[in-house]
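Containing mmCIF, C-alpha atoms, pLDDT in the B column; chains and numbers go by the auth columns: coords.cif.
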```cif
data_start
loop_
_atom_site.group_PDB
_atom_site.id
_atom_site.type_symbol
_atom_site.label_atom_id
_atom_site.label_comp_id
_atom_site.label_asym_id
_atom_site.label_seq_id
_atom_site.Cartn_x
_atom_site.Cartn_y
_atom_site.Cartn_z
_atom_site.B_iso_or_equiv
_atom_site.auth_seq_id
_atom_site.auth_asym_id
ATOM 1 C CA MET A 1 65.399 42.107 -64.115 52.00 3 A
ATOM 2 C CA ASP A 2 65.899 43.573 -67.534 49.00 4 A
ATOM 3 C CA LEU A 3 63.275 45.149 -69.799 44.00 5 A
ATOM 4 C CA ARG A 4 62.962 42.079 -72.011 48.00 6 A
ATOM 5 C CA SER A 5 62.066 39.812 -69.010 44.00 7 A
ATOM 6 C CA ARG A 6 59.548 42.303 -67.647 42.00 8 A
ATOM 7 C CA THR A 7 57.847 42.587 -71.039 41.00 9 A
ATOM 8 C CA ALA A 8 57.639 38.814 -71.426 41.00 10 A
ATOM 9 C CA ILE A 9 56.129 38.445 -67.951 40.00 11 A
ATOM 10 C CA ALA A 10 53.623 41.254 -68.611 41.00 12 A
ATOM 11 C CA VAL A 11 52.520 39.712 -71.931 36.00 13 A
ATOM 12 C CA LEU A 12 52.140 36.186 -70.525 35.00 14 A
ATOM 13 C CA PRO A 13 48.783 36.788 -68.724 37.00 15 A
ATOM 14 C CA ALA A 14 47.309 38.339 -71.858 37.00 16 A
ATOM 15 C CA LEU A 15 48.374 35.337 -73.945 33.00 17 A
ATOM 16 C CA LEU A 16 46.876 32.966 -71.403 33.00 18 A
ATOM 17 C CA CYS A 17 43.576 34.866 -71.490 37.00 19 A
ATOM 18 C CA PHE A 18 43.463 34.690 -75.290 32.00 20 A
ATOM 19 C CA ALA A 19 44.252 30.977 -75.196 36.00 21 A
ATOM 20 C CA CYS A 20 41.524 30.363 -72.595 37.00 22 A
ATOM 21 C CA ALA A 21 39.021 32.361 -74.621 35.00 23 A
ATOM 22 C CA ASP A 22 39.717 30.286 -77.731 36.00 24 A
ATOM 23 C CA VAL A 23 39.420 26.996 -75.839 36.00 25 A
ATOM 24 C CA SER A 24 36.247 27.946 -73.973 36.00 26 A
ATOM 25 C CA GLY A 25 34.710 29.339 -77.143 39.00 27 A
ATOM 26 C CA ASP A 26 35.417 26.053 -78.901 39.00 28 A
ATOM 27 C CA GLN A 27 34.027 24.086 -75.936 35.00 29 A
ATOM 28 C CA ASN A 28 30.898 26.260 -75.872 35.00 30 A
ATOM 29 C CA ALA A 29 30.347 25.657 -79.572 37.00 31 A
ATOM 30 C CA ARG A 30 30.725 21.892 -79.087 36.00 32 A
ATOM 31 C CA ALA A 31 28.398 21.953 -76.070 36.00 33 A
ATOM 32 C CA ALA A 32 25.755 23.919 -77.977 37.00 34 A
ATOM 33 C CA ALA A 33 25.969 21.492 -80.892 39.00 35 A
ATOM 34 C CA ALA A 34 25.440 18.552 -78.497 40.00 36 A
ATOM 35 C CA LEU A 35 22.194 19.951 -77.058 39.00 37 A
ATOM 36 C CA PRO A 36 19.115 18.108 -78.272 43.00 38 A
ATOM 37 C CA SER A 37 16.622 19.933 -80.409 44.00 39 A
ATOM 38 C CA THR A 38 12.880 19.481 -80.272 46.00 40 A
ATOM 39 C CA GLN A 39 12.987 18.123 -83.812 48.00 41 A
ATOM 40 C CA ALA A 40 15.418 15.341 -84.635 47.00 42 A
ATOM 41 C CA THR A 41 17.002 15.536 -88.065 48.00 43 A
ATOM 42 C CA GLY A 42 18.555 12.077 -88.329 56.00 44 A
ATOM 43 C CA PRO A 43 17.037 9.119 -90.126 56.00 45 A
ATOM 44 C CA GLY A 44 14.515 7.162 -88.129 62.00 46 A
ATOM 45 C CA PHE A 45 13.296 10.161 -86.119 69.00 47 A
ATOM 46 C CA ALA A 46 10.315 12.421 -86.610 78.00 48 A
ATOM 47 C CA THR A 47 8.609 15.280 -84.866 82.00 49 A
ATOM 48 C CA PRO A 48 5.866 13.825 -82.653 87.00 50 A
ATOM 49 C CA SER A 49 2.290 14.971 -82.984 86.00 51 A
ATOM 50 C CA PRO A 50 1.200 17.787 -80.641 90.00 52 A
ATOM 51 C CA TYR A 51 -0.822 15.295 -78.574 89.00 53 A
ATOM 52 C CA VAL A 52 2.155 12.933 -78.128 90.00 54 A
ATOM 53 C CA ARG A 53 4.401 15.899 -77.195 93.00 55 A
ATOM 54 C CA HIS A 54 1.844 17.074 -74.633 94.00 56 A
ATOM 55 C CA LEU A 55 1.400 13.581 -73.164 94.00 57 A
ATOM 56 C CA THR A 56 5.130 12.902 -72.847 95.00 58 A
ATOM 57 C CA ALA A 57 5.905 16.309 -71.312 96.00 59 A
ATOM 58 C CA ARG A 58 3.019 15.940 -68.860 96.00 60 A
ATOM 59 C CA PHE A 59 4.090 12.415 -67.887 97.00 61 A
ATOM 60 C CA VAL A 60 7.769 13.294 -67.390 97.00 62 A
ATOM 61 C CA ARG A 61 6.960 16.328 -65.230 97.00 63 A
ATOM 62 C CA ALA A 62 4.431 14.400 -63.120 96.00 64 A
ATOM 63 C CA ALA A 63 6.779 11.438 -62.679 96.00 65 A
ATOM 64 C CA CYS A 64 10.024 13.326 -62.001 95.00 66 A
ATOM 65 C CA GLU A 65 9.032 16.511 -60.151 96.00 67 A
ATOM 66 C CA TYR A 66 8.419 16.556 -56.422 95.00 68 A
ATOM 67 C CA ASP A 67 8.372 18.849 -53.415 96.00 69 A
ATOM 68 C CA ALA A 68 9.339 16.834 -50.342 94.00 70 A
ATOM 69 C CA ALA A 69 7.794 19.455 -48.047 93.00 71 A
ATOM 70 C CA THR A 70 4.283 18.841 -49.385 94.00 72 A
ATOM 71 C CA ASP A 71 4.315 15.600 -51.407 93.00 73 A
ATOM 72 C CA GLY A 72 4.399 12.003 -50.283 90.00 74 A
ATOM 73 C CA ALA A 73 6.827 9.460 -51.719 90.00 75 A
ATOM 74 C CA ARG A 74 4.168 7.789 -53.857 92.00 76 A
ATOM 75 C CA ASP A 75 1.946 10.786 -54.674 94.00 77 A
ATOM 76 C CA PHE A 76 3.297 10.857 -58.217 96.00 78 A
ATOM 77 C CA LEU A 77 1.480 7.581 -58.938 96.00 79 A
ATOM 78 C CA ALA A 78 -1.909 9.304 -58.613 96.00 80 A
ATOM 79 C CA SER A 79 -0.688 12.045 -60.980 95.00 81 A
ATOM 80 C CA ILE A 80 0.242 9.597 -63.732 96.00 82 A
ATOM 81 C CA ASP A 81 -2.412 6.885 -63.345 95.00 83 A
ATOM 82 C CA ARG A 82 -4.448 8.103 -66.336 94.00 84 A
ATOM 83 C CA LEU A 83 -1.335 8.549 -68.483 96.00 85 A
ATOM 84 C CA VAL A 84 0.065 5.000 -68.173 96.00 86 A
ATOM 85 C CA THR A 85 -1.057 1.428 -68.698 96.00 87 A
ATOM 86 C CA PRO A 86 -2.041 -0.538 -65.570 95.00 88 A
ATOM 87 C CA HIS A 87 1.059 -2.732 -65.930 96.00 89 A
ATOM 88 C CA GLU A 88 3.381 0.292 -66.096 96.00 90 A
ATOM 89 C CA LEU A 89 1.678 1.880 -63.091 97.00 91 A
ATOM 90 C CA SER A 90 2.389 -1.230 -61.005 96.00 92 A
ATOM 91 C CA ARG A 91 5.996 -1.328 -62.279 96.00 93 A
ATOM 92 C CA LEU A 92 6.508 2.345 -61.374 96.00 94 A
ATOM 93 C CA ALA A 93 5.140 1.631 -57.889 95.00 95 A
ATOM 94 C CA ASP A 94 8.272 -0.505 -57.392 94.00 96 A
ATOM 95 C CA SER A 95 10.677 1.831 -59.219 93.00 97 A
ATOM 96 C CA PRO A 96 13.535 3.750 -57.555 92.00 98 A
ATOM 97 C CA ARG A 97 11.402 6.914 -57.836 91.00 99 A
ATOM 98 C CA ALA A 98 8.763 5.359 -55.550 92.00 100 A
ATOM 99 C CA HIS A 99 11.377 4.421 -52.950 91.00 101 A
ATOM 100 C CA LEU A 100 13.242 7.693 -52.454 91.00 102 A
ATOM 101 C CA PRO A 101 14.462 8.327 -48.870 93.00 103 A
ATOM 102 C CA TRP A 102 11.571 10.695 -48.178 91.00 104 A
ATOM 103 C CA ARG A 103 12.502 11.434 -44.563 93.00 105 A
ATOM 104 C CA VAL A 104 15.938 12.682 -45.670 94.00 106 A
ATOM 105 C CA LEU A 105 14.508 14.669 -48.584 94.00 107 A
ATOM 106 C CA ARG A 106 11.950 16.319 -46.321 95.00 108 A
ATOM 107 C CA ALA A 107 14.669 17.250 -43.791 94.00 109 A
ATOM 108 C CA ARG A 108 16.655 18.863 -46.642 94.00 110 A
ATOM 109 C CA GLN A 109 13.521 20.625 -47.947 95.00 111 A
ATOM 110 C CA GLU A 110 14.264 19.155 -51.361 96.00 112 A
ATOM 111 C CA ARG A 111 12.276 20.126 -54.448 97.00 113 A
ATOM 112 C CA THR A 112 12.807 19.220 -58.096 96.00 114 A
ATOM 113 C CA ASP A 113 11.705 21.117 -61.169 96.00 115 A
ATOM 114 C CA VAL A 114 11.776 19.555 -64.627 97.00 116 A
ATOM 115 C CA ALA A 115 12.226 21.443 -67.886 97.00 117 A
ATOM 116 C CA VAL A 116 11.622 19.538 -71.107 95.00 118 A
ATOM 117 C CA ASP A 117 14.463 20.416 -73.487 94.00 119 A
ATOM 118 C CA GLY A 118 13.503 18.250 -76.445 92.00 120 A
ATOM 119 C CA ILE A 119 11.188 15.501 -77.649 93.00 121 A
ATOM 120 C CA SER A 120 11.827 13.221 -80.633 92.00 122 A
ATOM 121 C CA GLN A 121 9.800 10.321 -81.926 89.00 123 A
ATOM 122 C CA GLY A 122 11.674 7.255 -83.076 84.00 124 A
ATOM 123 C CA ALA A 123 10.615 5.121 -85.988 72.00 125 A
ATOM 124 C CA SER A 124 8.376 2.321 -84.766 71.00 126 A
ATOM 125 C CA ALA A 125 5.491 0.139 -85.807 70.00 127 A
ATOM 126 C CA ALA A 126 1.884 0.952 -84.961 73.00 128 A
ATOM 127 C CA PRO A 127 0.265 0.796 -82.437 82.00 129 A
ATOM 128 C CA ARG A 128 3.500 1.535 -80.495 88.00 130 A
ATOM 129 C CA VAL A 129 5.668 4.645 -80.643 91.00 131 A
ATOM 130 C CA ARG A 130 9.081 5.202 -79.061 93.00 132 A
ATOM 131 C CA VAL A 131 9.676 8.737 -77.785 94.00 133 A
ATOM 132 C CA LEU A 132 12.950 10.211 -76.502 94.00 134 A
ATOM 133 C CA VAL A 133 12.652 13.093 -74.055 95.00 135 A
ATOM 134 C CA TRP A 134 15.605 15.243 -72.962 95.00 136 A
ATOM 135 C CA ILE A 135 15.077 17.030 -69.664 96.00 137 A
ATOM 136 C CA THR A 136 16.891 19.272 -67.231 97.00 138 A
ATOM 137 C CA VAL A 137 16.183 18.395 -63.602 97.00 139 A
ATOM 138 C CA THR A 138 16.884 21.217 -61.149 97.00 140 A
ATOM 139 C CA THR A 139 17.072 20.034 -57.545 96.00 141 A
ATOM 140 C CA ASN A 140 16.802 22.696 -54.848 96.00 142 A
ATOM 141 C CA SER A 141 17.509 21.844 -51.232 94.00 143 A
ATOM 142 C CA SER A 142 18.730 23.473 -48.051 93.00 144 A
ATOM 143 C CA PHE A 143 22.236 22.392 -49.103 89.00 145 A
ATOM 144 C CA ALA A 144 22.540 23.316 -52.751 94.00 146 A
ATOM 145 C CA LYS A 145 20.984 23.813 -56.154 96.00 147 A
ATOM 146 C CA VAL A 146 21.965 21.155 -58.690 96.00 148 A
ATOM 147 C CA ARG A 147 21.111 20.853 -62.389 97.00 149 A
ATOM 148 C CA GLU A 148 21.312 17.545 -64.205 95.00 150 A
ATOM 149 C CA HIS A 149 20.614 16.683 -67.811 96.00 151 A
ATOM 150 C CA GLU A 150 18.747 13.416 -68.215 95.00 152 A
ATOM 151 C CA HIS A 151 16.958 11.574 -70.946 93.00 153 A
ATOM 152 C CA VAL A 152 13.859 9.449 -70.668 96.00 154 A
ATOM 153 C CA THR A 153 12.809 6.850 -73.219 95.00 155 A
ATOM 154 C CA LEU A 154 9.094 6.186 -73.421 96.00 156 A
ATOM 155 C CA SER A 155 7.191 3.508 -75.257 95.00 157 A
ATOM 156 C CA LEU A 156 3.651 4.665 -75.995 95.00 158 A
ATOM 157 C CA ILE A 157 0.792 2.451 -77.057 93.00 159 A
ATOM 158 C CA HIS A 158 -2.450 3.520 -78.679 89.00 160 A
ATOM 159 C CA ASP A 159 -5.583 1.750 -77.526 81.00 161 A
ATOM 160 C CA HIS A 160 -9.327 2.489 -77.407 85.00 162 A
ATOM 161 C CA SER A 161 -8.769 5.261 -74.823 84.00 163 A
ATOM 162 C CA GLY A 162 -5.923 6.995 -76.684 87.00 164 A
ATOM 163 C CA TRP A 163 -2.156 7.101 -76.152 91.00 165 A
ATOM 164 C CA LYS A 164 -0.711 5.702 -72.909 95.00 166 A
ATOM 165 C CA VAL A 165 2.826 5.253 -71.607 96.00 167 A
ATOM 166 C CA GLU A 166 3.526 1.544 -71.802 95.00 168 A
ATOM 167 C CA ARG A 167 7.139 1.707 -70.581 96.00 169 A
ATOM 168 C CA ALA A 168 9.356 4.462 -69.150 96.00 170 A
ATOM 169 C CA ARG A 169 13.126 4.262 -68.687 95.00 171 A
ATOM 170 C CA GLY A 170 15.594 6.791 -67.330 93.00 172 A
ATOM 171 C CA ALA A 171 15.667 9.461 -64.608 91.00 173 A
ATOM 172 C CA GLY A 172 14.944 6.913 -61.867 88.00 174 A
ATOM 173 C CA LEU A 173 11.801 5.551 -63.493 89.00 175 A
#
```
If you convert what's in this file into structure tokens, what do you get?
Amino acid sequence: MDLRSRTAIAVLPALLCFACADVSGDQNARAAAALPSTQATGPGFATPSPYVRHLTARFVRAACEYDAATDGARDFLASIDRLVTPHELSRLADSPRAHLPWRVLRARQERTDVAVDGISQGASAAPRVRVLVWITVTTNSSFAKVREHEHVTLSLIHDHSGWKVERARGAGL
């Protein structure tokens, strides 16, 4: 092998590393730009009031988090009963979240943790408000640790007792 071939072979890994760095840097920039912010900037969206932010974050955590070692399959319903309308509570009692295979989850020692990444309020007519919530669900089990990005759309209604979740969609709800 002559000197020219050896030089070309030695330079090739360095060029590949530079190419990978440029591609991953570009992908990281695109991924960061795609992350939701807590304040939407597009038309038709607004920053929710502190009370609406608190209610939505509390509801999403109570509805989506569980620890199969200590919780029951339908325990989340008691945690959200004061946050939702009676009709939505009965609908959630029949949702996929209420019918998880609890025996399997308990055997795997599964636990979920929810982090609220962003909350935006859509334009809507009073007394209803549409809220979009972006969350990261981290599932820990005896097998693995998995992170998923989800979004939940909530319809809130204001009545004599304050804001309540009238409808929840997404993340198994």
Hey, can you check how far CA of His151 (chain A) sits from CA of Thr72 (chain A)?
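CA of Thr72 (chain A) lies 24.7 Å from CA of His151 (chain A).
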For the point (15.1, 4.6, -70.1) in the file's frame, write as a PDB file with C-alpha atoms, in the coordinates of the input all residues with an atom no more than 6 Å away, counting all atoms listed in the file.
```pdb
ATOM      1  CA  VAL A 154      13.859   9.449 -70.668  1.00 96.00           C
ATOM      2  CA  THR A 155      12.809   6.850 -73.219  1.00 95.00           C
ATOM      3  CA  ALA A 170       9.356   4.462 -69.150  1.00 96.00           C
ATOM      4  CA  ARG A 171      13.126   4.262 -68.687  1.00 95.00           C
ATOM      5  CA  GLY A 172      15.594   6.791 -67.330  1.00 93.00           C
TER       6      GLY A 172
END
```
Would you mind listing what lies within 7 Å of Ala64 (chain A) as a ChimeraX atom specification, with all atoms listed in the file counted and same-chain residues fewer than 2 positions away left out?
/A:60-62,66-67,78,81-82
Using only C-alpha atoms, the best pick from A:Ala70, A:Ala117, A:Val131, A:Ile137 as closest to Trp104 (chain A) would be A:Ala70
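Residues surrounding Arg110 (chain A) within 12 Å are Asp69, Ala70, Ala71, Pro103, Trp104, Arg105, Thr141, Asn142, Ser143, Ser144, Phe145, Ala146 and Lys147 of chain A [all atoms listed in the file; sequence separation below 5 positions excluded].
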Give me the residues near Gly164 (chain A) as a compact mmCIF listing (two decimals) with C-alpha atoms, keeping the file's coordinate frame, where near means some atom within 12 Å (using only C-alpha atoms) and where sequence neighbours in that chain fewer than 2 positions away do not count.
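For reference, selection34.txt as written:
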```
# COMPACT_ATOMS: atom_id res chain seq x y z
CA TYR A 53 -0.82 15.30 -78.57
CA VAL A 54 2.15 12.93 -78.13
CA LEU A 57 1.40 13.58 -73.16
CA ARG A 84 -4.45 8.10 -66.34
CA LEU A 85 -1.34 8.55 -68.48
CA VAL A 86 0.06 5.00 -68.17
CA THR A 87 -1.06 1.43 -68.70
CA PRO A 129 0.26 0.80 -82.44
CA ARG A 130 3.50 1.54 -80.50
CA LEU A 158 3.65 4.66 -76.00
CA ILE A 159 0.79 2.45 -77.06
CA HIS A 160 -2.45 3.52 -78.68
CA ASP A 161 -5.58 1.75 -77.53
CA HIS A 162 -9.33 2.49 -77.41
CA LYS A 166 -0.71 5.70 -72.91
CA VAL A 167 2.83 5.25 -71.61
CA GLU A 168 3.53 1.54 -71.80
```
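Rounded to one decimal, CA of Leu156 (chain A) and CA of Thr140 (chain A) lie 20.9 Å from each other.
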